[in-house]
$ cat my_file.txt   # compact mmCIF, C-alpha atoms and all ligand atoms
# COMPACT_ATOMS: atom_id res chain seq x y z
CA MET A 68 -57.81 12.92 22.79
CA LYS A 69 -56.25 9.93 24.46
CA LEU A 70 -57.07 10.94 28.04
CA LEU A 71 -60.76 11.27 27.17
CA GLU A 72 -60.91 8.00 25.23
CA GLU A 73 -59.30 6.19 28.16
CA ARG A 74 -61.83 7.73 30.54
CA ILE A 75 -64.75 6.70 28.29
CA ILE A 76 -63.45 3.11 28.26
CA LYS A 77 -62.93 3.14 32.03
CA ASP A 78 -66.08 4.91 33.25
CA GLY A 79 -68.52 5.13 30.32
CA ARG A 80 -71.40 2.68 30.15
CA VAL A 81 -73.03 1.60 26.94
CA LEU A 82 -76.78 1.75 27.62
CA SER A 83 -77.81 0.68 24.13
CA GLU A 84 -76.40 0.68 20.61
CA GLY A 85 -77.23 4.41 20.46
CA VAL A 86 -76.54 5.75 23.94
CA LEU A 87 -73.40 6.14 26.04
CA LYS A 88 -73.76 7.06 29.71
CA VAL A 89 -70.98 9.32 30.98
CA ASP A 90 -72.68 10.58 34.13
CA SER A 91 -69.65 10.04 36.32
CA PHE A 92 -67.43 12.64 34.63
CA LEU A 93 -69.41 14.76 32.12
CA ASN A 94 -73.20 14.85 32.42
CA HIS A 95 -73.94 14.63 36.14
CA GLN A 96 -70.81 14.38 38.27
CA ILE A 97 -68.14 16.51 36.56
CA ASP A 98 -64.39 15.88 36.66
CA PRO A 99 -62.83 19.38 36.74
CA GLN A 100 -59.32 18.15 35.90
CA LEU A 101 -60.61 16.38 32.81
CA MET A 102 -62.67 19.47 31.86
CA GLN A 103 -59.54 21.60 32.22
CA ALA A 104 -57.60 19.30 29.89
CA ILE A 105 -60.53 19.38 27.45
CA GLY A 106 -60.63 23.19 27.57
CA GLU A 107 -56.90 23.35 26.85
CA GLU A 108 -57.24 20.92 23.94
CA PHE A 109 -60.06 22.97 22.35
CA SER A 110 -58.01 26.11 22.86
CA ASN A 111 -54.89 24.62 21.22
CA TYR A 112 -56.96 23.62 18.21
CA PHE A 113 -58.95 26.85 17.77
CA LYS A 114 -56.49 29.47 19.10
CA ASN A 115 -55.58 30.88 15.67
CA LYS A 116 -59.16 31.17 14.41
CA GLY A 117 -59.87 34.63 15.83
CA ILE A 118 -62.53 33.41 18.27
CA THR A 119 -64.14 36.26 20.23
CA LYS A 120 -66.85 34.28 22.08
CA ILE A 121 -67.87 30.73 22.86
CA ILE A 122 -71.51 29.65 22.83
CA THR A 123 -73.00 26.49 24.27
CA ILE A 124 -76.36 25.14 25.45
CA GLU A 125 -77.28 24.42 29.04
CA ALA A 126 -76.58 22.19 30.83
CA SER A 127 -73.80 19.76 29.96
CA GLY A 128 -72.02 21.99 27.45
CA ILE A 129 -71.24 24.57 30.12
CA ALA A 130 -68.29 22.87 31.85
CA PRO A 131 -66.18 22.17 28.75
CA ALA A 132 -67.14 25.58 27.29
CA VAL A 133 -66.05 27.49 30.40
CA PHE A 134 -62.66 25.77 30.52
CA ALA A 135 -62.14 26.48 26.82
CA GLY A 136 -63.13 30.08 27.59
CA ILE A 137 -60.40 30.31 30.23
CA TYR A 138 -57.72 29.13 27.82
CA LEU A 139 -58.97 31.18 24.84
CA ASP A 140 -59.58 34.13 27.17
CA VAL A 141 -63.05 34.87 25.77
CA PRO A 142 -66.55 35.07 27.31
CA VAL A 143 -68.88 32.05 27.27
CA ILE A 144 -72.56 32.52 26.40
CA VAL A 145 -75.02 29.84 27.51
CA ALA A 146 -78.10 29.43 25.32
CA LYS A 147 -81.05 28.96 27.66
CA LYS A 148 -83.72 26.32 27.33
CA ASN A 149 -85.92 28.12 29.83
CA VAL A 150 -86.21 31.88 29.76
CA GLY A 151 -85.94 33.25 33.29
CA ILE A 152 -87.63 36.38 34.61
CA THR A 153 -84.33 38.30 34.52
CA MET A 154 -83.94 37.79 30.77
CA THR A 155 -85.60 41.08 29.91
CA ASP A 156 -83.43 41.98 26.89
CA GLU A 157 -84.48 41.16 23.36
CA LEU A 158 -83.77 37.51 22.53
CA ALA A 159 -82.51 35.63 19.50
CA VAL A 160 -84.44 32.37 19.44
CA ALA A 161 -84.26 29.05 17.57
CA ASP A 162 -86.25 25.83 17.71
CA VAL A 163 -84.34 22.59 18.21
CA TYR A 164 -85.74 19.15 17.52
CA SER A 165 -84.47 16.45 19.88
CA PHE A 166 -84.44 13.00 18.28
CA THR A 167 -83.68 11.50 21.68
CA LYS A 168 -86.73 13.06 23.32
CA GLN A 169 -88.79 13.39 20.12
CA THR A 170 -89.85 16.91 21.03
CA ASN A 171 -89.03 20.45 20.03
CA TYR A 172 -87.51 22.88 22.47
CA THR A 173 -86.53 26.52 22.17
CA ILE A 174 -83.10 27.98 22.82
CA SER A 175 -82.57 31.67 23.49
CA ILE A 176 -79.63 34.05 23.71
CA SER A 177 -79.92 37.68 24.72
CA LYS A 178 -79.08 39.85 21.71
CA THR A 179 -76.90 42.10 23.91
CA PHE A 180 -74.18 39.42 24.11
CA LEU A 181 -73.57 39.00 20.37
CA ASN A 182 -72.77 41.46 17.63
CA GLU A 183 -71.72 41.25 14.00
CA THR A 184 -68.01 41.67 14.77
CA ASP A 185 -68.04 38.39 16.74
CA SER A 186 -66.49 35.17 15.57
CA VAL A 187 -67.99 32.37 17.58
CA LEU A 188 -66.90 28.87 18.63
CA ILE A 189 -69.77 26.48 19.39
CA ILE A 190 -68.98 23.91 22.08
CA ASP A 191 -71.19 21.03 23.20
CA ASP A 192 -70.84 17.78 25.13
CA PHE A 193 -72.38 15.40 22.55
CA LEU A 194 -72.82 15.45 18.80
CA ALA A 195 -75.58 13.05 17.81
CA ASN A 196 -77.88 14.35 15.09
CA GLY A 197 -76.50 17.87 15.16
CA GLN A 198 -79.76 19.60 15.97
CA ALA A 199 -78.46 21.53 18.97
CA ALA A 200 -75.49 22.89 16.97
CA LEU A 201 -77.82 23.76 14.08
CA GLY A 202 -80.01 25.75 16.49
CA LEU A 203 -76.99 27.68 17.74
CA MET A 204 -75.90 28.32 14.13
CA GLU A 205 -79.37 29.64 13.35
CA ILE A 206 -79.11 32.12 16.22
CA CYS A 207 -75.69 33.25 14.93
CA GLU A 208 -77.15 33.70 11.46
CA GLN A 209 -79.97 35.85 12.85
CA MET A 210 -77.33 38.01 14.57
CA ASP A 211 -74.99 38.16 11.51
CA VAL A 212 -72.32 36.45 13.56
CA LEU A 213 -69.67 34.20 12.01
CA VAL A 214 -69.40 30.64 13.33
CA ALA A 215 -65.66 29.88 13.18
CA GLY A 216 -65.93 26.26 14.26
CA ILE A 217 -67.59 23.62 16.41
CA GLY A 218 -65.89 21.80 19.28
CA ILE A 219 -67.49 18.58 20.52
CA VAL A 220 -66.45 16.48 23.50
CA ILE A 221 -67.99 13.17 22.34
CA GLU A 222 -69.16 12.60 18.77
CA LYS A 223 -71.29 9.61 17.90
CA SER A 224 -69.97 9.26 14.37
CA PHE A 225 -72.58 6.65 13.46
CA GLN A 226 -75.29 9.33 13.70
CA THR A 227 -75.98 12.08 11.20
CA GLY A 228 -74.69 15.20 12.98
CA ARG A 229 -71.21 15.56 11.48
CA ALA A 230 -72.38 15.12 7.88
CA LEU A 231 -75.19 17.62 8.40
CA LEU A 232 -72.89 20.28 9.87
CA GLU A 233 -70.11 19.68 7.34
CA GLU A 234 -72.69 20.15 4.57
CA LYS A 235 -73.13 23.67 6.00
CA GLY A 236 -69.39 24.25 5.70
CA MET A 237 -68.63 23.85 9.38
CA GLU A 238 -65.25 22.74 10.73
CA ILE A 239 -65.83 20.27 13.57
CA TYR A 240 -63.21 19.20 16.09
CA SER A 241 -64.40 16.26 18.22
CA LEU A 242 -62.18 15.06 21.04
CA ALA A 243 -63.55 11.50 20.96
CA ARG A 244 -65.22 10.01 17.91
CA ILE A 245 -67.27 6.89 18.51
CA LYS A 246 -67.69 4.53 15.60
CA SER A 247 -70.05 2.10 17.31
CA LEU A 248 -71.54 1.02 20.64
CA ILE A 249 -72.24 -2.59 19.70
CA ASP A 250 -72.32 -5.44 22.27
CA GLY A 251 -71.63 -3.06 25.13
CA GLU A 252 -68.25 -2.09 23.64
CA VAL A 253 -67.11 1.39 22.66
CA GLU A 254 -65.25 1.44 19.36
CA PHE A 255 -63.53 4.67 18.33
CA VAL A 256 -62.99 6.01 14.81
CA GLY A 257 -59.44 5.51 13.53
P1 LIG B 1 -78.46 16.47 18.71
O1 LIG B 1 -78.49 17.85 19.31
O2 LIG B 1 -77.05 16.11 18.23
O3 LIG B 1 -79.47 16.29 17.61
O4 LIG B 1 -78.79 15.45 19.86
P2 LIG B 1 -80.13 14.83 20.45
O5 LIG B 1 -81.29 15.74 20.23
O6 LIG B 1 -80.21 13.42 19.93
O7 LIG B 1 -79.70 14.84 21.97
C1 LIG B 1 -80.49 15.39 22.99
C2 LIG B 1 -79.77 15.37 24.31
O8 LIG B 1 -79.21 14.07 24.56
C3 LIG B 1 -78.63 16.33 24.45
O9 LIG B 1 -78.52 16.67 25.80
C4 LIG B 1 -77.43 15.47 24.05
O10 LIG B 1 -76.23 16.00 24.55
C5 LIG B 1 -77.79 14.17 24.71
N1 LIG B 1 -77.24 12.96 24.12
C6 LIG B 1 -77.36 12.52 22.85
N2 LIG B 1 -76.78 11.31 22.73
C7 LIG B 1 -76.27 11.01 23.95
C8 LIG B 1 -75.55 9.87 24.46
O11 LIG B 1 -75.24 8.89 23.78
N3 LIG B 1 -75.21 9.93 25.77
C9 LIG B 1 -75.51 10.98 26.58
N4 LIG B 1 -75.11 10.92 27.85
N5 LIG B 1 -76.21 12.05 26.13
C10 LIG B 1 -76.56 12.05 24.84
P3 LIG B 1 -79.61 17.51 26.63
O12 LIG B 1 -80.94 16.87 26.68
O13 LIG B 1 -79.59 18.88 26.05
O14 LIG B 1 -79.07 17.41 28.07
P4 LIG B 1 -78.08 18.28 28.96
O15 LIG B 1 -77.16 19.08 28.08
O16 LIG B 1 -78.96 19.15 29.77
O17 LIG B 1 -77.31 17.26 29.73

$ encode --input "my_file.txt" --output "structure tokens"
Amino acid sequence: MKLLEERIIKDGRVLSEGVLKVDSFLNHQIDPQLMQAIGEEFSNYFKNKGITKIITIEASGIAPAVFAGIYLDVPVIVAKKNVGITMTDELAVADVYSFTKQTNYTISISKTFLNETDSVLIIDDFLANGQAALGLMEICEQMDVLVAGIGIVIEKSFQTGRALLEEKGMEIYSLARIKSLIDGEVEFVG
């Protein structure tokens, strides 16, 4: 997606050979116009896949997921990292290992929001090692829910996530695919 690649070049900052900071439009301050364009792009790609719900993980997946939800006209479910006192329904739970933080965390979705007739689109802000998406897939498996595809805003193609998810038969649509972050420069795939 040209608009997104241009924005990454303009406002992204390469923090190291593995990390891109995009706090000014995606992870901290959010650009609603860009999120709207991103939502429309995901919708155009996935509109014929019979998607009934979108799932994402808090926090930075929420903005792109909600805009995609507007265009696809489906509800958006946010997997929670912290279970609040109002989450009294039975939960589907998965453990996620974060390579970045080198810790495990748990994600939970209330079982009331998914059923076996659903066909789900997973949306997230970054694809690095694919662990977050794998956790969401595990929850869908527990609920007998089909995962129809995965939409990613920024994929770091030099990490293992895409290969891991493709091995599981997943179709992944990433709006920006980063080949490398060497010498402070962002190089895109293709
Ligand atoms: P994985 O799910 O693909 O295995 O990713 P990993 O554990 O490595 O990433 C953990 C967190 O770091 C995720 O956010 C992920 O989106 C984010 N992340 C990974 N690589 C980058 C990067 O290069 N730049 C930025 N800005 N973020 C990156 P999180 O901790 O769940 O945070 P949030 O969603 O609450 O913002």

$ residues_around --input "my_file.txt" --residues "A:Leu242" --least-positions-apart "4" --cutoff "9 Å" --atoms "all atoms listed in the file" --output "ChimeraX atom specification"
/A:68-69,71-72,105,108-109,218-222

$ closest_residue --input "my_file.txt" --among "A:Glu84, A:Glu233, A:Glu254, A:Glu208" --to "ligand LIG 1 (chain B)" --atoms "only C-alpha atoms and all ligand atoms"
A:Glu84

$ residues_near_ligand --input "my_file.txt" --ligand "ligand LIG 1 (chain B)" --cutoff "6 Å" --atoms "only C-alpha atoms and all ligand atoms" --output "VMD selection string"
chain A and resid 85 to 89 94 125 to 128 165 to 167 192 to 199 228

$ residues_around --input "my_file.txt" --residues "A:Met237" --least-positions-apart "6" --cutoff "12 Å" --atoms "all atoms listed in the file" --output "mmCIF file with C-alpha atoms, in the coordinates of the input"
data_model
loop_
_atom_site.group_PDB
_atom_site.id
_atom_site.type_symbol
_atom_site.label_atom_id
_atom_site.label_comp_id
_atom_site.auth_asym_id
_atom_site.auth_seq_id
_atom_site.Cartn_x
_atom_site.Cartn_y
_atom_site.Cartn_z
ATOM 1 C CA VAL A 187 -67.990 32.370 17.580
ATOM 2 C CA LEU A 188 -66.900 28.870 18.630
ATOM 3 C CA ILE A 189 -69.770 26.480 19.390
ATOM 4 C CA GLY A 197 -76.500 17.870 15.160
ATOM 5 C CA ALA A 200 -75.490 22.890 16.970
ATOM 6 C CA LEU A 201 -77.820 23.760 14.080
ATOM 7 C CA MET A 204 -75.900 28.320 14.130
ATOM 8 C CA LEU A 213 -69.670 34.200 12.010
ATOM 9 C CA VAL A 214 -69.400 30.640 13.330
ATOM 10 C CA ALA A 215 -65.660 29.880 13.180
ATOM 11 C CA GLY A 216 -65.930 26.260 14.260
ATOM 12 C CA ILE A 217 -67.590 23.620 16.410
ATOM 13 C CA GLY A 218 -65.890 21.800 19.280
ATOM 14 C CA GLY A 228 -74.690 15.200 12.980
ATOM 15 C CA ARG A 229 -71.210 15.560 11.480
ATOM 16 C CA ALA A 230 -72.380 15.120 7.880
ATOM 17 C CA LEU A 231 -75.190 17.620 8.400
#

$ closest_residue --input "my_file.txt" --among "A:Val160, A:Leu70, A:Ile76, A:Ala130" --to "A:Val253" --atoms "all atoms listed in the file"
A:Ile76

$ closest_residue --input "my_file.txt" --among "A:Ala159, A:Ile239, A:Ile124, A:Leu139" --to "A:Asp211" --atoms "only C-alpha atoms"
A:Ala159

$ closest_residue --input "my_file.txt" --among "A:Ser247, A:Asn115, A:Gln96, A:Thr170" --to "A:Ser83" --atoms "only C-alpha atoms"
A:Ser247

$ closest_residue --input "my_file.txt" --among "A:Ile137, A:Leu181, A:Cys207, A:Val256" --to "A:Arg244" --atoms "all atoms listed in the file"
A:Val256

$ atom_distance --input "my_file.txt" --atom1 "atom CA of A:Lys116" --atom2 "atom CA of A:Asp185"
11.7 Å

$ atom_distance --input "my_file.txt" --atom1 "atom CA of A:Ala146" --atom2 "atom CA of A:Val163"
11.7 Å

$ atom_distance --input "my_file.txt" --atom1 "atom CA of A:Ile122" --atom2 "atom CA of A:Val145"
5.9 Å

$ residues_around --input "my_file.txt" --residues "A:Phe134" --least-positions-apart "6" --cutoff "12 Å" --atoms "all atoms listed in the file" --output "ChimeraX atom specification"
/A:98-110,121,128,140-143,190

$ axis_aligned_box --input "my_file.txt" --around "stretch 157-166 of chain A" --padding-each-side "5 Å" --output "JSON"
{"center_x": -84.4, "center_y": 27.1, "center_z": 20.4, "size_x": 13.7, "size_y": 38.2, "size_z": 15.8}

$ build_atoms --input "my_file.txt" --residues "stretch 197-209 of chain A" --atoms "N, CA, C and O atoms" --output "short mmCIF file (atom, residue, chain, number, x, y, z; two decimals), keeping the file's coordinate frame"
data_model
loop_
_atom_site.label_atom_id
_atom_site.label_comp_id
_atom_site.auth_asym_id
_atom_site.auth_seq_id
_atom_site.Cartn_x
_atom_site.Cartn_y
_atom_site.Cartn_z
N GLY A 197 -76.94 16.52 15.53
CA GLY A 197 -76.50 17.87 15.16
C GLY A 197 -77.55 18.95 15.32
O GLY A 197 -77.30 20.10 14.95
N GLN A 198 -78.67 18.62 15.92
CA GLN A 198 -79.76 19.60 15.97
C GLN A 198 -79.46 20.77 16.92
O GLN A 198 -79.84 21.91 16.64
N ALA A 199 -78.79 20.47 18.01
CA ALA A 199 -78.46 21.53 18.97
C ALA A 199 -77.49 22.53 18.30
O ALA A 199 -77.70 23.75 18.38
N ALA A 200 -76.46 22.00 17.64
CA ALA A 200 -75.49 22.89 16.97
C ALA A 200 -76.18 23.69 15.86
O ALA A 200 -75.90 24.88 15.68
N LEU A 201 -77.09 23.04 15.14
CA LEU A 201 -77.82 23.76 14.08
C LEU A 201 -78.63 24.92 14.66
O LEU A 201 -78.69 26.00 14.07
N GLY A 202 -79.24 24.69 15.81
CA GLY A 202 -80.01 25.75 16.49
C GLY A 202 -79.11 26.92 16.86
O GLY A 202 -79.47 28.09 16.65
N LEU A 203 -77.93 26.61 17.38
CA LEU A 203 -76.99 27.68 17.74
C LEU A 203 -76.52 28.43 16.49
O LEU A 203 -76.37 29.66 16.48
N MET A 204 -76.30 27.67 15.39
CA MET A 204 -75.90 28.32 14.13
C MET A 204 -77.00 29.24 13.62
O MET A 204 -76.74 30.31 13.06
N GLU A 205 -78.25 28.81 13.81
CA GLU A 205 -79.37 29.64 13.35
C GLU A 205 -79.41 30.97 14.11
O GLU A 205 -79.63 32.03 13.53
N ILE A 206 -79.15 30.89 15.42
CA ILE A 206 -79.11 32.12 16.22
C ILE A 206 -77.99 33.03 15.72
O ILE A 206 -78.17 34.24 15.57
N CYS A 207 -76.83 32.44 15.43
CA CYS A 207 -75.69 33.25 14.93
C CYS A 207 -76.04 33.91 13.60
O CYS A 207 -75.69 35.07 13.35
N GLU A 208 -76.74 33.15 12.76
CA GLU A 208 -77.15 33.70 11.46
C GLU A 208 -78.08 34.90 11.65
O GLU A 208 -77.91 35.93 11.01
N GLN A 209 -79.04 34.74 12.57
CA GLN A 209 -79.97 35.85 12.85
C GLN A 209 -79.21 37.10 13.29
O GLN A 209 -79.62 38.22 13.01
#
